[in-house]
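my_file-v6.cif follows (mmCIF, C-alpha atoms and all ligand atoms):
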data_work
#
loop_
_atom_site.label_atom_id
_atom_site.label_comp_id
_atom_site.auth_asym_id
_atom_site.auth_seq_id
_atom_site.Cartn_x
_atom_site.Cartn_y
_atom_site.Cartn_z
CA MET A 202 -2.92 12.64 -18.06
CA ASN A 203 -2.39 9.37 -16.30
CA PHE A 204 -4.36 8.41 -13.21
CA MET A 205 -3.95 4.64 -13.67
CA SER A 206 -1.83 4.10 -10.59
CA ASP A 207 0.75 5.68 -8.33
CA ASN A 208 3.06 3.14 -9.97
CA VAL A 209 3.09 5.22 -13.16
CA SER A 210 4.94 8.09 -11.53
CA GLY A 211 8.63 8.80 -11.90
CA ALA A 212 11.11 9.05 -9.04
CA ALA A 213 11.33 12.05 -6.74
CA PRO A 214 14.42 14.22 -7.34
CA GLU A 215 15.48 13.91 -3.70
CA ILE A 216 15.60 10.14 -4.10
CA LEU A 217 17.50 10.29 -7.35
CA ALA A 218 19.99 12.64 -5.69
CA ALA A 219 20.40 10.20 -2.80
CA LEU A 220 21.20 7.43 -5.27
CA GLY A 221 23.85 9.61 -6.88
CA GLU A 222 25.40 10.36 -3.50
CA ALA A 223 25.38 6.68 -2.55
CA SER A 224 27.13 5.84 -5.80
CA ALA A 225 29.68 8.61 -5.52
CA ALA A 226 30.62 7.47 -2.04
CA GLY A 227 32.94 4.88 -3.55
CA PRO A 228 33.39 1.23 -2.62
CA MET A 229 31.12 -0.10 0.08
CA PRO A 230 30.62 -3.54 1.63
CA SER A 231 27.94 -5.49 -0.20
CA TYR A 232 24.80 -7.49 0.71
CA GLY A 233 23.60 -4.99 3.29
CA ALA A 234 26.82 -4.49 5.28
CA ASP A 235 27.13 -0.96 3.94
CA PRO A 236 26.79 2.24 5.98
CA VAL A 237 23.70 3.40 4.06
CA THR A 238 21.78 0.30 5.15
CA ALA A 239 23.02 0.83 8.71
CA ARG A 240 21.74 4.41 8.59
CA LEU A 241 18.39 3.15 7.31
CA HIS A 242 18.09 0.86 10.35
CA ASP A 243 18.77 3.80 12.64
CA ARG A 244 16.22 5.96 10.83
CA MET A 245 13.52 3.29 10.98
CA THR A 246 14.23 2.71 14.69
CA ALA A 247 13.91 6.44 15.31
CA LEU A 248 10.77 6.73 13.17
CA PHE A 249 8.93 3.96 15.04
CA GLY A 250 10.47 4.69 18.43
CA THR A 251 11.42 1.06 19.01
CA PRO A 252 14.22 -1.23 17.84
CA VAL A 253 13.27 -2.79 14.51
CA THR A 254 14.87 -5.18 12.05
CA VAL A 255 14.68 -3.91 8.46
CA PHE A 256 15.07 -5.84 5.21
CA PRO A 257 14.99 -3.81 1.97
CA VAL A 258 13.48 -5.62 -1.02
CA ALA A 259 12.55 -4.44 -4.50
CA THR A 260 8.81 -5.01 -4.82
CA GLY A 261 5.73 -4.89 -2.66
CA THR A 262 4.77 -8.41 -3.60
CA ALA A 263 8.14 -9.67 -2.40
CA ALA A 264 7.76 -7.69 0.82
CA ASN A 265 4.30 -9.09 1.49
CA ALA A 266 4.89 -12.69 0.46
CA LEU A 267 8.24 -13.00 2.24
CA ALA A 268 6.93 -11.29 5.36
CA LEU A 269 4.03 -13.75 5.52
CA SER A 270 6.44 -16.66 5.10
CA ALA A 271 7.98 -15.68 8.43
CA LEU A 272 4.58 -15.64 10.15
CA THR A 273 2.88 -18.86 9.12
CA PRO A 274 3.72 -22.56 8.75
CA PRO A 275 2.91 -24.19 5.39
CA TYR A 276 -0.31 -25.56 6.89
CA GLY A 277 -1.34 -22.13 8.18
CA ALA A 278 -4.30 -19.90 7.35
CA VAL A 279 -3.73 -16.22 6.58
CA TYR A 280 -6.84 -14.07 7.05
CA CYS A 281 -7.15 -11.08 4.73
CA HIS A 282 -9.73 -8.93 3.01
CA ALA A 283 -11.26 -10.43 -0.13
CA GLU A 284 -9.92 -7.47 -2.16
CA ALA A 285 -6.46 -7.69 -0.57
CA HIS A 286 -3.54 -7.32 -2.95
CA ILE A 287 -2.04 -10.51 -1.54
CA ASN A 288 -5.24 -12.28 -2.52
CA VAL A 289 -5.95 -10.87 -5.96
CA ASP A 290 -2.79 -9.30 -7.36
CA GLU A 291 0.29 -11.28 -6.33
CA CYS A 292 -0.09 -14.32 -8.58
CA GLY A 293 0.15 -16.80 -5.74
CA ALA A 294 3.42 -15.41 -4.35
CA PRO A 295 2.17 -15.52 -0.74
CA GLU A 296 1.08 -19.12 -1.21
CA MET A 297 4.40 -19.98 -2.84
CA PHE A 298 6.73 -18.28 -0.38
CA THR A 299 4.83 -19.70 2.61
CA ASP A 300 5.12 -23.16 1.04
CA GLY A 301 1.39 -23.44 0.70
CA ALA A 302 -0.35 -21.50 3.44
CA LYS A 303 -3.96 -20.78 2.58
CA LEU A 304 -5.33 -17.24 2.25
CA ILE A 305 -8.75 -16.92 3.85
CA PRO A 306 -10.48 -13.93 2.21
CA LEU A 307 -13.08 -12.14 4.35
CA PRO A 308 -15.67 -9.51 3.40
CA GLY A 309 -15.70 -5.98 4.70
CA ALA A 310 -17.27 -2.72 3.57
CA GLN A 311 -15.02 -0.15 1.90
CA GLY A 312 -12.07 -2.53 1.83
CA LYS A 313 -11.80 -2.90 5.60
CA LEU A 314 -12.00 -5.97 7.82
CA THR A 315 -13.97 -5.73 11.04
CA PRO A 316 -13.14 -7.28 14.43
CA GLN A 317 -16.48 -9.08 14.48
CA GLY A 318 -15.96 -10.48 11.01
CA LEU A 319 -12.51 -11.75 11.95
CA ALA A 320 -13.76 -13.16 15.26
CA ASP A 321 -16.60 -15.00 13.50
CA ALA A 322 -14.17 -16.50 10.98
CA LEU A 323 -11.79 -17.62 13.72
CA ALA A 324 -14.67 -19.08 15.75
CA ARG A 325 -15.44 -21.28 12.74
CA ALA A 326 -11.80 -22.41 12.33
CA PRO A 327 -11.40 -26.10 13.17
CA VAL A 328 -8.37 -25.65 15.42
CA GLY A 329 -6.53 -28.94 16.00
CA PHE A 330 -8.44 -30.70 13.25
CA VAL A 331 -5.68 -32.34 11.25
CA HIS A 332 -7.62 -32.09 8.01
CA ALA A 333 -7.81 -28.27 8.12
CA VAL A 334 -5.36 -25.38 7.81
CA GLN A 335 -4.66 -23.74 11.16
CA PRO A 336 -5.12 -20.02 11.91
CA ALA A 337 -1.69 -18.42 11.79
CA ALA A 338 -1.74 -14.82 10.58
CA LEU A 339 -3.83 -11.76 9.84
CA SER A 340 -2.86 -9.43 6.97
CA LEU A 341 -4.23 -5.87 6.86
CA THR A 342 -3.67 -3.42 4.00
CA GLN A 343 -2.99 0.18 5.09
CA ALA A 344 -4.14 2.24 3.13
CA THR A 345 -6.61 -0.31 1.82
CA GLU A 346 -7.23 -1.38 -1.78
CA ALA A 347 -10.45 0.68 -1.59
CA GLY A 348 -8.60 3.89 -0.81
CA THR A 349 -9.71 3.91 2.81
CA VAL A 350 -7.61 3.95 5.97
CA TYR A 351 -7.76 2.03 9.25
CA THR A 352 -7.59 4.27 12.32
CA PRO A 353 -5.17 3.26 15.08
CA ASP A 354 -8.13 2.09 17.18
CA GLU A 355 -9.42 -0.05 14.30
CA VAL A 356 -6.01 -1.66 13.85
CA ALA A 357 -5.77 -2.27 17.60
CA ALA A 358 -9.22 -3.87 17.74
CA LEU A 359 -8.39 -6.23 14.86
CA CYS A 360 -5.00 -7.09 16.35
CA ALA A 361 -6.64 -7.82 19.71
CA VAL A 362 -8.88 -10.43 18.08
CA ALA A 363 -5.91 -11.86 16.19
CA LYS A 364 -3.75 -12.08 19.32
CA ARG A 365 -6.55 -13.75 21.30
CA HIS A 366 -6.33 -16.54 18.73
CA GLY A 367 -2.54 -16.64 18.60
CA LEU A 368 -2.23 -15.03 15.16
CA LYS A 369 0.70 -12.94 14.04
CA VAL A 370 -0.17 -9.68 12.27
CA HIS A 371 1.22 -8.40 8.96
CA MET A 372 0.46 -4.99 7.46
CA ASP A 373 0.70 -4.44 3.71
CA GLY A 374 1.92 -0.86 3.73
CA ALA A 375 2.43 -0.31 0.03
CA ARG A 376 0.58 2.97 0.68
CA PHE A 377 1.51 3.26 4.37
CA ALA A 378 2.83 6.77 3.79
CA ASN A 379 -0.54 7.85 2.41
CA ALA A 380 -2.29 6.34 5.42
CA VAL A 381 -0.04 8.05 7.98
CA ALA A 382 -0.24 11.35 6.11
CA SER A 383 -4.02 11.03 6.13
CA LEU A 384 -4.27 10.02 9.81
CA GLY A 385 -1.69 12.53 10.99
CA CYS A 386 -0.70 10.01 13.65
CA ASP A 387 2.58 8.65 14.96
CA PRO A 388 3.53 5.66 12.75
CA ALA A 389 4.03 3.59 15.89
CA GLU A 390 0.40 4.15 16.93
CA VAL A 391 -0.94 2.49 13.81
CA THR A 392 1.62 -0.34 13.79
CA TRP A 393 3.46 -2.01 16.68
CA ARG A 394 1.67 -0.19 19.47
CA ALA A 395 -1.58 -1.47 17.96
CA GLY A 396 -0.24 -5.03 17.71
CA VAL A 397 1.29 -5.26 14.23
CA ASP A 398 4.28 -7.64 14.12
CA VAL A 399 5.67 -6.89 10.67
CA LEU A 400 5.10 -4.07 8.15
CA SER A 401 5.72 -3.94 4.42
CA PHE A 402 6.83 -0.30 4.30
CA GLY A 403 6.17 0.94 0.77
CA ALA A 404 8.27 3.56 -0.99
CA THR A 405 7.95 2.63 -4.67
CA LYS A 406 4.53 4.22 -5.03
CA ASN A 407 5.70 7.24 -3.09
CA GLY A 408 8.60 8.52 -5.15
CA ALA A 409 11.17 5.72 -5.03
CA LEU A 410 12.30 3.86 -8.13
CA ALA A 411 11.88 0.39 -6.60
CA ALA A 412 12.28 0.02 -2.86
CA GLU A 413 10.21 -1.50 -0.10
CA ALA A 414 11.24 -2.42 3.42
CA VAL A 415 10.10 -5.36 5.50
CA VAL A 416 10.09 -3.91 9.01
CA PHE A 417 9.92 -6.38 11.88
CA PHE A 418 8.65 -5.06 15.21
CA ASP A 419 8.63 -8.59 16.66
CA ARG A 420 12.31 -9.12 16.00
CA ALA A 421 12.26 -12.82 16.91
CA LEU A 422 10.21 -13.34 13.76
CA ALA A 423 13.03 -11.79 11.73
CA GLU A 424 15.51 -14.55 12.51
CA SER A 425 14.68 -16.68 9.49
CA PHE A 426 13.97 -13.77 7.17
CA GLY A 427 17.50 -13.21 5.93
CA TYR A 428 17.60 -16.74 4.55
CA ARG A 429 14.10 -16.45 3.09
CA ARG A 430 15.02 -13.21 1.33
CA LYS A 431 18.26 -14.65 -0.08
CA ARG A 432 16.67 -17.80 -1.47
CA ALA A 433 13.96 -15.63 -3.07
CA GLY A 434 16.62 -13.69 -4.93
CA HIS A 435 15.91 -10.44 -3.11
CA LEU A 436 19.21 -10.03 -1.26
CA PHE A 437 20.73 -7.26 -3.36
CA SER A 438 24.53 -7.32 -3.55
CA LYS A 439 24.52 -3.52 -3.97
CA MET A 440 21.99 -3.11 -1.17
CA ARG A 441 23.09 0.50 -0.70
CA PHE A 442 20.96 1.46 -3.70
CA LEU A 443 17.75 0.10 -2.18
CA SER A 444 18.62 1.51 1.22
CA ALA A 445 19.50 4.93 -0.21
CA GLN A 446 15.99 5.26 -1.65
CA LEU A 447 14.33 4.30 1.63
CA ASP A 448 16.69 6.43 3.68
CA ALA A 449 16.00 9.45 1.48
CA CYS A 450 12.26 8.90 1.94
CA LEU A 451 12.64 9.09 5.69
CA ALA A 452 15.08 12.00 5.70
CA ASP A 453 13.41 15.25 6.79
CA GLY A 454 9.95 13.69 6.50
CA LEU A 455 10.05 13.53 2.71
CA TRP A 456 7.80 10.44 2.69
CA LEU A 457 4.97 12.33 4.38
CA ARG A 458 5.30 15.42 2.20
CA LEU A 459 5.13 13.35 -0.97
CA ALA A 460 2.22 11.26 0.28
CA GLY A 461 0.45 14.33 1.64
CA HIS A 462 0.55 15.90 -1.80
CA ALA A 463 -0.84 12.76 -3.43
CA ASN A 464 -3.63 12.67 -0.86
CA ALA A 465 -4.46 16.35 -1.41
CA MET A 466 -4.73 15.78 -5.15
CA ALA A 467 -7.05 12.82 -4.54
CA GLN A 468 -9.21 14.98 -2.27
CA MET A 469 -9.47 17.59 -5.04
CA LEU A 470 -10.25 14.92 -7.62
CA GLY A 471 -12.79 13.10 -5.46
CA ALA A 472 -14.62 16.29 -4.49
CA GLY A 473 -14.79 17.45 -8.10
CA LEU A 474 -16.12 14.18 -9.46
CA ALA A 475 -18.53 13.51 -6.58
CA ALA A 476 -20.26 16.82 -7.34
CA LEU A 477 -21.21 15.70 -10.85
CA PRO A 478 -24.80 14.71 -11.62
CA GLY A 479 -25.05 10.91 -11.62
CA ALA A 480 -21.69 10.42 -9.91
CA ALA A 481 -21.22 8.67 -6.55
CA LEU A 482 -18.08 7.85 -4.57
CA ARG A 483 -17.87 4.11 -3.78
CA ALA A 484 -15.84 4.85 -0.66
CA PRO A 485 -14.59 7.96 1.14
CA VAL A 486 -11.33 9.30 -0.29
CA GLU A 487 -8.97 8.85 2.67
CA ALA A 488 -5.65 8.36 0.88
CA ASN A 489 -4.63 8.74 -2.78
CA GLU A 490 -7.20 6.62 -4.57
CA VAL A 491 -10.63 7.68 -5.86
CA PHE A 492 -13.26 5.01 -6.59
CA VAL A 493 -16.25 6.69 -8.16
CA GLU A 494 -19.28 5.59 -10.13
CA LEU A 495 -19.64 7.76 -13.22
CA PRO A 496 -22.23 7.91 -16.00
CA GLU A 497 -20.94 5.90 -18.96
CA THR A 498 -20.99 8.97 -21.19
CA VAL A 499 -18.58 10.67 -18.82
CA THR A 500 -16.26 7.68 -18.51
CA GLU A 501 -16.23 7.11 -22.24
CA GLY A 502 -15.71 10.80 -22.98
CA LEU A 503 -12.81 11.10 -20.56
CA LEU A 504 -11.08 8.06 -22.03
CA GLU A 505 -11.63 9.38 -25.54
CA ARG A 506 -10.02 12.66 -24.49
CA GLY A 507 -6.91 10.81 -23.39
CA PHE A 508 -7.40 10.70 -19.64
CA GLN A 509 -6.07 7.37 -18.39
CA PHE A 510 -7.56 5.43 -15.49
CA TYR A 511 -8.97 1.94 -14.80
CA ARG A 512 -12.53 0.90 -15.29
CA TRP A 513 -12.73 -0.98 -11.99
CA ASP A 514 -16.05 -2.60 -11.24
CA GLY A 515 -19.13 -2.01 -13.43
CA ALA A 516 -19.66 1.75 -13.63
CA VAL A 517 -17.02 2.34 -10.94
CA VAL A 518 -13.68 3.69 -12.10
CA ARG A 519 -10.44 4.02 -10.13
CA LEU A 520 -8.24 7.08 -10.32
CA VAL A 521 -4.96 7.22 -8.41
CA THR A 522 -2.86 10.29 -7.66
CA ALA A 523 0.82 10.36 -6.90
CA TRP A 524 3.56 12.42 -5.29
CA ASN A 525 3.91 14.52 -8.43
CA THR A 526 0.31 14.76 -9.65
CA ARG A 527 -0.30 18.31 -10.86
CA ALA A 528 -3.31 20.27 -9.62
CA GLU A 529 -3.85 21.57 -13.16
CA ASP A 530 -4.21 18.02 -14.45
CA VAL A 531 -6.77 17.24 -11.75
CA ALA A 532 -8.64 20.45 -12.63
CA ALA A 533 -8.56 19.56 -16.33
CA LEU A 534 -10.08 16.12 -15.71
CA VAL A 535 -12.80 17.53 -13.45
CA ALA A 536 -13.63 20.26 -15.98
CA ALA A 537 -13.87 17.72 -18.79
CA ALA A 538 -16.04 15.45 -16.66
CA ARG A 539 -18.30 18.36 -15.74
CA GLU A 540 -18.69 19.25 -19.40
CA LEU A 541 -19.45 15.66 -20.36
CA ALA A 542 -21.91 15.26 -17.49
CA SER A 543 -23.86 18.37 -18.43
CA GLY A 544 -23.50 17.98 -22.17
CA THR A 545 -22.36 21.59 -22.11
CA PRO A 546 -19.07 22.50 -23.85
CA ALA A 547 -16.49 24.30 -21.72
CA GLY A 548 -17.41 27.95 -21.36
CA GLY A 549 -20.97 27.18 -20.40
CA SER A 550 -22.83 27.74 -23.71
CA GLU A 551 -25.46 25.11 -24.55
CA LYS A 552 -24.54 22.83 -27.46
CA LYS A 553 -26.23 23.93 -30.66
CA ALA A 554 -28.89 21.37 -31.71
C1 LIG B 601 -2.13 -2.65 -1.88
C2 LIG B 601 -0.87 -3.02 -2.62
N1 LIG B 601 0.01 -3.83 -2.03
C3 LIG B 601 1.17 -4.18 -2.62
C4 LIG B 601 1.49 -3.69 -3.87
C5 LIG B 601 2.85 -4.04 -4.41
O1 LIG B 601 2.85 -4.60 -5.57
P1 LIG B 601 4.15 -4.66 -6.49
O2 LIG B 601 4.68 -6.04 -6.31
O3 LIG B 601 3.55 -4.38 -7.79
O4 LIG B 601 5.16 -3.64 -6.05
C6 LIG B 601 0.56 -2.88 -4.56
C7 LIG B 601 0.77 -2.41 -5.94
O5 LIG B 601 1.59 -1.85 -6.42
C8 LIG B 601 -0.64 -2.53 -3.92
O6 LIG B 601 -1.53 -1.73 -4.52
C1 LIG B 602 -3.36 -2.97 -9.64
C2 LIG B 602 -2.43 -3.20 -8.51
O1 LIG B 602 -1.74 -4.38 -8.63
C3 LIG B 602 -1.39 -2.14 -8.38
N1 LIG B 602 -0.76 -2.43 -7.13
C4 LIG B 602 -2.02 -0.78 -8.37
O2 LIG B 602 -2.58 -0.41 -7.36
O3 LIG B 602 -1.98 -0.10 -9.36
#
Final C-alpha cells representation of the file:
Amino acid sequence: MNFMSDNVSGAAPEILAALGEASAAGPMPSYGADPVTARLHDRMTALFGTPVTVFPVATGTAANALALSALTPPYGAVYCHAEAHINVDECGAPEMFTDGAKLIPLPGAQGKLTPQGLADALARAPVGFVHAVQPAALSLTQATEAGTVYTPDEVAALCAVAKRHGLKVHMDGARFANAVASLGCDPAEVTWRAGVDVLSFGATKNGALAAEAVVFFDRALAESFGYRRKRAGHLFSKMRFLSAQLDACLADGLWLRLAGHANAMAQMLGAGLAALPGAALRAPVEANEVFVELPETVTEGLLERGFQFYRWDGAVVRLVTAWNTRAEDVAALVAAARELASGTPAGGSEKKA
C-alpha cells in the first residue's frame, strides 16, 4: 500500500474518458487553437468568476518556474517559504527560467509564511542598492508542503504586505484542489480576490495523467508567457490532450470530489496515527498529507510489512493520500501501526513471552 505521494496514483476514469473523446473528435488545430483549449478557458473564467488567461503545461515545476519568470526580472528576489517546492525540489528551474532571480527562503511554522515575517524580510531588503537583488515576487504554496492550508484571510494579509512593496504574487497550487476542498471556499476568494496574480493550478496529483495550468488573473503579466512557454518546450502541438485533462477536472466539480476524497482519507489516517502511544502530528492535517512523528519500532515495522511512505525528518514520516486511496488500506495501516505500537498482535492477545 503506497502512501509515498499523490504522484503515485493512476489517472481518474473520467479524465481518461475525456482523453478518448478528445482523440475521437478527429482533426483539430494544434498548439492550443483547438476547441478543447477554448472550452478550458471558458471553464476557468467561470470557475474564478473573472476573465483569466490559461496556459496548460505538463509539470508543476514548469508551471511554477515559468510563472515566476513572468513576475520577476533576472535581478529580482522571490520570497518563499524555506520548505517551498520551488526552493527545495525543482532543481534550480525557477532560477533558470527567471534568468537568475534569487529565491529568498523565509521561516514559518507548519509550512506557512506570516505577514510579519514577510514584512520584516522586505524591511531589510536594500531597495535601490545596485549590489543587491530587488524584491519582485512572493510565492505561496497552497496547500503547503507541510500539509496545511492558508485561509483566504491569511492569503489576503500576505498579499497586502507584498503589494505594499510592489511585489507580484504567485501561488503554487499543485494541491490547490485539496486546499479549496478543505476550505470549502470560492476559489476566487483564496486567489485573485485576495491579491494573487498568477496560479499554478495542479491537476496531475488530483487524477490527471500530466496536466497543470498556469492561470493569470493579472492578464497583462501573461503577455510574455506564450513565448516563455514555447522556448521552454512546453507548448504542446497536440494541446487538446493537456486541455482535455484539465477540462475534465473542472467539469461537474470533479476536481473537488477527487480532492475531497483524498482529504477525507488523510483525516482518517492522521486521526488513527495520532491516537497511537508515542505518536505526534507535526502539523494539523488540513489537506491530503500527514506528517507524524512515530516510534521507530512502528515506522520500521510498517516498512517491513510493505507499507510505503517517506521517512521525512528525523522520526517524522510523511504519508500522502490520493483521489483513489482506499479506506480499507488506510484502516490496514492504522491497525498495523496500532499493533506495532502496543506490541500486541492483531486480535488483542498479548504476545507470548
Ligand atoms: C508543492 C508542490 N509543488 C509543485 C509540485 C510539482 O512538481 P512536479 O514538477 O513534480 O510536477 C509538487 C510535486 O509534485 C509539489 O509537491
Ligand atoms: C517530493 C515532492 O517533490 C513531490 N512533489 C511530492 O510531494 O511527492
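Each residue with an atom within 8 Å of any atom of ligand LIG 601 (chain B) appears in the list, which was built counting all atoms listed in the file: Asp207, Asn208, Ala259, Thr260, Gly261, Thr262, Ala263, Ala264, Asn265, Ala285, His286, Ile287, Asp290, Glu291, Thr342, Gln343, Ala344, Thr345, Glu346, Asp373, Gly374, Ala375, Arg376, Gly403, Thr405, Lys406 and Ala411 of chain A.
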Restricting the output to C-alpha atoms, write the selected residues as an mmCIF file, in the frame of the given file.
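Wrote it out as out-v7.cif, contents follow:
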data_model
loop_
_atom_site.group_PDB
_atom_site.id
_atom_site.type_symbol
_atom_site.label_atom_id
_atom_site.label_comp_id
_atom_site.auth_asym_id
_atom_site.auth_seq_id
_atom_site.Cartn_x
_atom_site.Cartn_y
_atom_site.Cartn_z
ATOM 1 C CA ASP A 207 0.750 5.680 -8.330
ATOM 2 C CA ASN A 208 3.060 3.140 -9.970
ATOM 3 C CA ALA A 259 12.550 -4.440 -4.500
ATOM 4 C CA THR A 260 8.810 -5.010 -4.820
ATOM 5 C CA GLY A 261 5.730 -4.890 -2.660
ATOM 6 C CA THR A 262 4.770 -8.410 -3.600
ATOM 7 C CA ALA A 263 8.140 -9.670 -2.400
ATOM 8 C CA ALA A 264 7.760 -7.690 0.820
ATOM 9 C CA ASN A 265 4.300 -9.090 1.490
ATOM 10 C CA ALA A 285 -6.460 -7.690 -0.570
ATOM 11 C CA HIS A 286 -3.540 -7.320 -2.950
ATOM 12 C CA ILE A 287 -2.040 -10.510 -1.540
ATOM 13 C CA ASP A 290 -2.790 -9.300 -7.360
ATOM 14 C CA GLU A 291 0.290 -11.280 -6.330
ATOM 15 C CA THR A 342 -3.670 -3.420 4.000
ATOM 16 C CA GLN A 343 -2.990 0.180 5.090
ATOM 17 C CA ALA A 344 -4.140 2.240 3.130
ATOM 18 C CA THR A 345 -6.610 -0.310 1.820
ATOM 19 C CA GLU A 346 -7.230 -1.380 -1.780
ATOM 20 C CA ASP A 373 0.700 -4.440 3.710
ATOM 21 C CA GLY A 374 1.920 -0.860 3.730
ATOM 22 C CA ALA A 375 2.430 -0.310 0.030
ATOM 23 C CA ARG A 376 0.580 2.970 0.680
ATOM 24 C CA GLY A 403 6.170 0.940 0.770
ATOM 25 C CA THR A 405 7.950 2.630 -4.670
ATOM 26 C CA LYS A 406 4.530 4.220 -5.030
ATOM 27 C CA ALA A 411 11.880 0.390 -6.600
#
- Please determine the residues with any atom at most 7 Å from (0.8, -25.7, 8.8) (coordinates as given in the file, with all atoms listed in the file counting) and report them as a ChimeraX atom specification. /A:274-277,302,334-335
- Query: Between A:Ser231, A:Thr273, A:Asn407, A:Asn525, which has the minimum distance to Trp456 in chain A (counting all atoms listed in the file)?
  - Reply: A:Asn407
- For CA of Ala421 in chain A and CA of Phe249 in chain A, quote the distance in Å rounded to one decimal. 17.2 Å
- Task: Find the residue from A:Cys386, A:Leu272, A:Met469, A:Ala542 that sits nearest to Glu501 in chain A; use only C-alpha atoms when measuring.
- Result: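 Nearest to Glu501 in chain A: A:Ala542.
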- Message: For Val258 in chain A, find every residue with an atom within 6 Å (counting all atoms listed in the file), except residues of its own chain fewer than 2 positions away, and show them as a list in words.
- Response: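 Neighbouring residues, sequence-local ones excluded: Glu413, Ala414 and His435 of chain A.
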- CA of Ala516 in chain A to CA of Glu529 in chain A: how many Å, to one decimal?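 Those two atoms sit 25.4 Å apart.
Neighbourhood of point (-25.3, 13.0, -11.8): residues with an atom at most 9 Å away, counting all atoms listed in the file, are Ala475, Ala476, Leu477, Pro478, Gly479, Ala480, Ala481, Leu495, Pro496, Ala542 and Ser543 of chain A.
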What are the centre and edge lengths in Å, to one decimal, of the axis-aligned box around all listed atoms of ligand LIG 602 (chain B) with 3 Å added on each side, as lines of an AutoDock Vina configuration file?
center_x = -2.1
center_y = -2.2
center_z = -8.4
size_x = 8.6
size_y = 10.3
size_z = 8.5
- Kindly indicate which residue among A:Leu368, A:Val531, A:Leu443, A:Ala389 lies nearest to Ala247 in chain A, using all atoms listed in the file for the distances.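 Using all atoms listed in the file, the shortest distance to Ala247 in chain A belongs to A:Ala389.
Nearest-residue note for Arg506 in chain A: choosing from A:Ala226, A:Ala537, A:Leu410, A:Val289, the minimum distance belongs to A:Ala537, counting only C-alpha atoms.
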- Message: One number please: CA of Val415 in chain A to CA of Met229 in chain A, in Å, one decimal.
- Response: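 The value is 22.3 Å.
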- Message: My list of candidates is A:Lys369, A:His242, A:Arg527, A:Arg512. Which is closest to ligand LIG 602 (chain B) when distances are computed with only C-alpha atoms and all ligand atoms?
- Response: A:Arg512
- Task: Determine the nearest neighbour of ligand LIG 602 (chain B) from the options A:Glu494, A:Glu284, A:Asp387, A:Glu487, counting all atoms listed in the file.
- Result: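 Of A:Glu494, A:Glu284, A:Asp387, A:Glu487, the one nearest ligand LIG 602 (chain B) is A:Glu284, counting all atoms listed in the file.
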- Message: Residues within 9 Å of Leu241 in chain A, please, as a list in words. Count all atoms listed in the file; anything in the same chain fewer than 5 positions from it doesn't count.
- Response: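 Surrounding residues, per the criterion: Pro236, Thr246, Val255, Ser444, Ala445, Leu447, Asp448, Ala449 and Leu451 of chain A.
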- Message: Need the shell around Gly250 in chain A: protein/DNA/RNA residues with any atom at most 12 Å away, counting only C-alpha atoms. Skip same-chain ones fewer than 2 positions apart. Format as a list in words?
- Response: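 Using only C-alpha atoms, the neighbours found are His242, Asp243, Arg244, Met245, Thr246, Ala247, Leu248, Pro252, Val253, Asp387, Pro388, Ala389, Glu390, Thr392, Trp393, Arg394 and Phe418 of chain A.
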How would the residues just chosen look if you wrote them out with C-alpha atoms as a short mmCIF file (atom, residue, chain, number, x, y, z; two decimals), in the coordinates of the input?
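What landed in selection.cif:
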data_model
loop_
_atom_site.label_atom_id
_atom_site.label_comp_id
_atom_site.auth_asym_id
_atom_site.auth_seq_id
_atom_site.Cartn_x
_atom_site.Cartn_y
_atom_site.Cartn_z
CA HIS A 242 18.09 0.86 10.35
CA ASP A 243 18.77 3.80 12.64
CA ARG A 244 16.22 5.96 10.83
CA MET A 245 13.52 3.29 10.98
CA THR A 246 14.23 2.71 14.69
CA ALA A 247 13.91 6.44 15.31
CA LEU A 248 10.77 6.73 13.17
CA PRO A 252 14.22 -1.23 17.84
CA VAL A 253 13.27 -2.79 14.51
CA ASP A 387 2.58 8.65 14.96
CA PRO A 388 3.53 5.66 12.75
CA ALA A 389 4.03 3.59 15.89
CA GLU A 390 0.40 4.15 16.93
CA THR A 392 1.62 -0.34 13.79
CA TRP A 393 3.46 -2.01 16.68
CA ARG A 394 1.67 -0.19 19.47
CA PHE A 418 8.65 -5.06 15.21
#
- Message: So that I can check the surroundings of Tyr511 in chain A, please list as a list of chain:residue names every protein, DNA and RNA residue that reaches within 7 Å of it, counting only C-alpha atoms and ignoring chain neighbours fewer than 5 positions away.
- Response: A:Met205, A:Val518, A:Arg519, A:Leu520
Would you output that residue set with C-alpha atoms, as a PDB file, in the coordinates of the input?
ATOM      1  CA  MET A 205      -3.950   4.640 -13.670  1.00  0.00           C
ATOM      2  CA  VAL A 518     -13.680   3.690 -12.100  1.00  0.00           C
ATOM      3  CA  ARG A 519     -10.440   4.020 -10.130  1.00  0.00           C
ATOM      4  CA  LEU A 520      -8.240   7.080 -10.320  1.00  0.00           C
TER       5      LEU A 520
END
- Name the residues in contact with range 304-313 of chain A at a cut-off of 9 Å, using all atoms listed in the file, excluding same-chain residues fewer than 6 positions from it; report them as a ChimeraX atom specification. /A:277-285,287-288,295-296,319,322,341-342,345-351,483-485
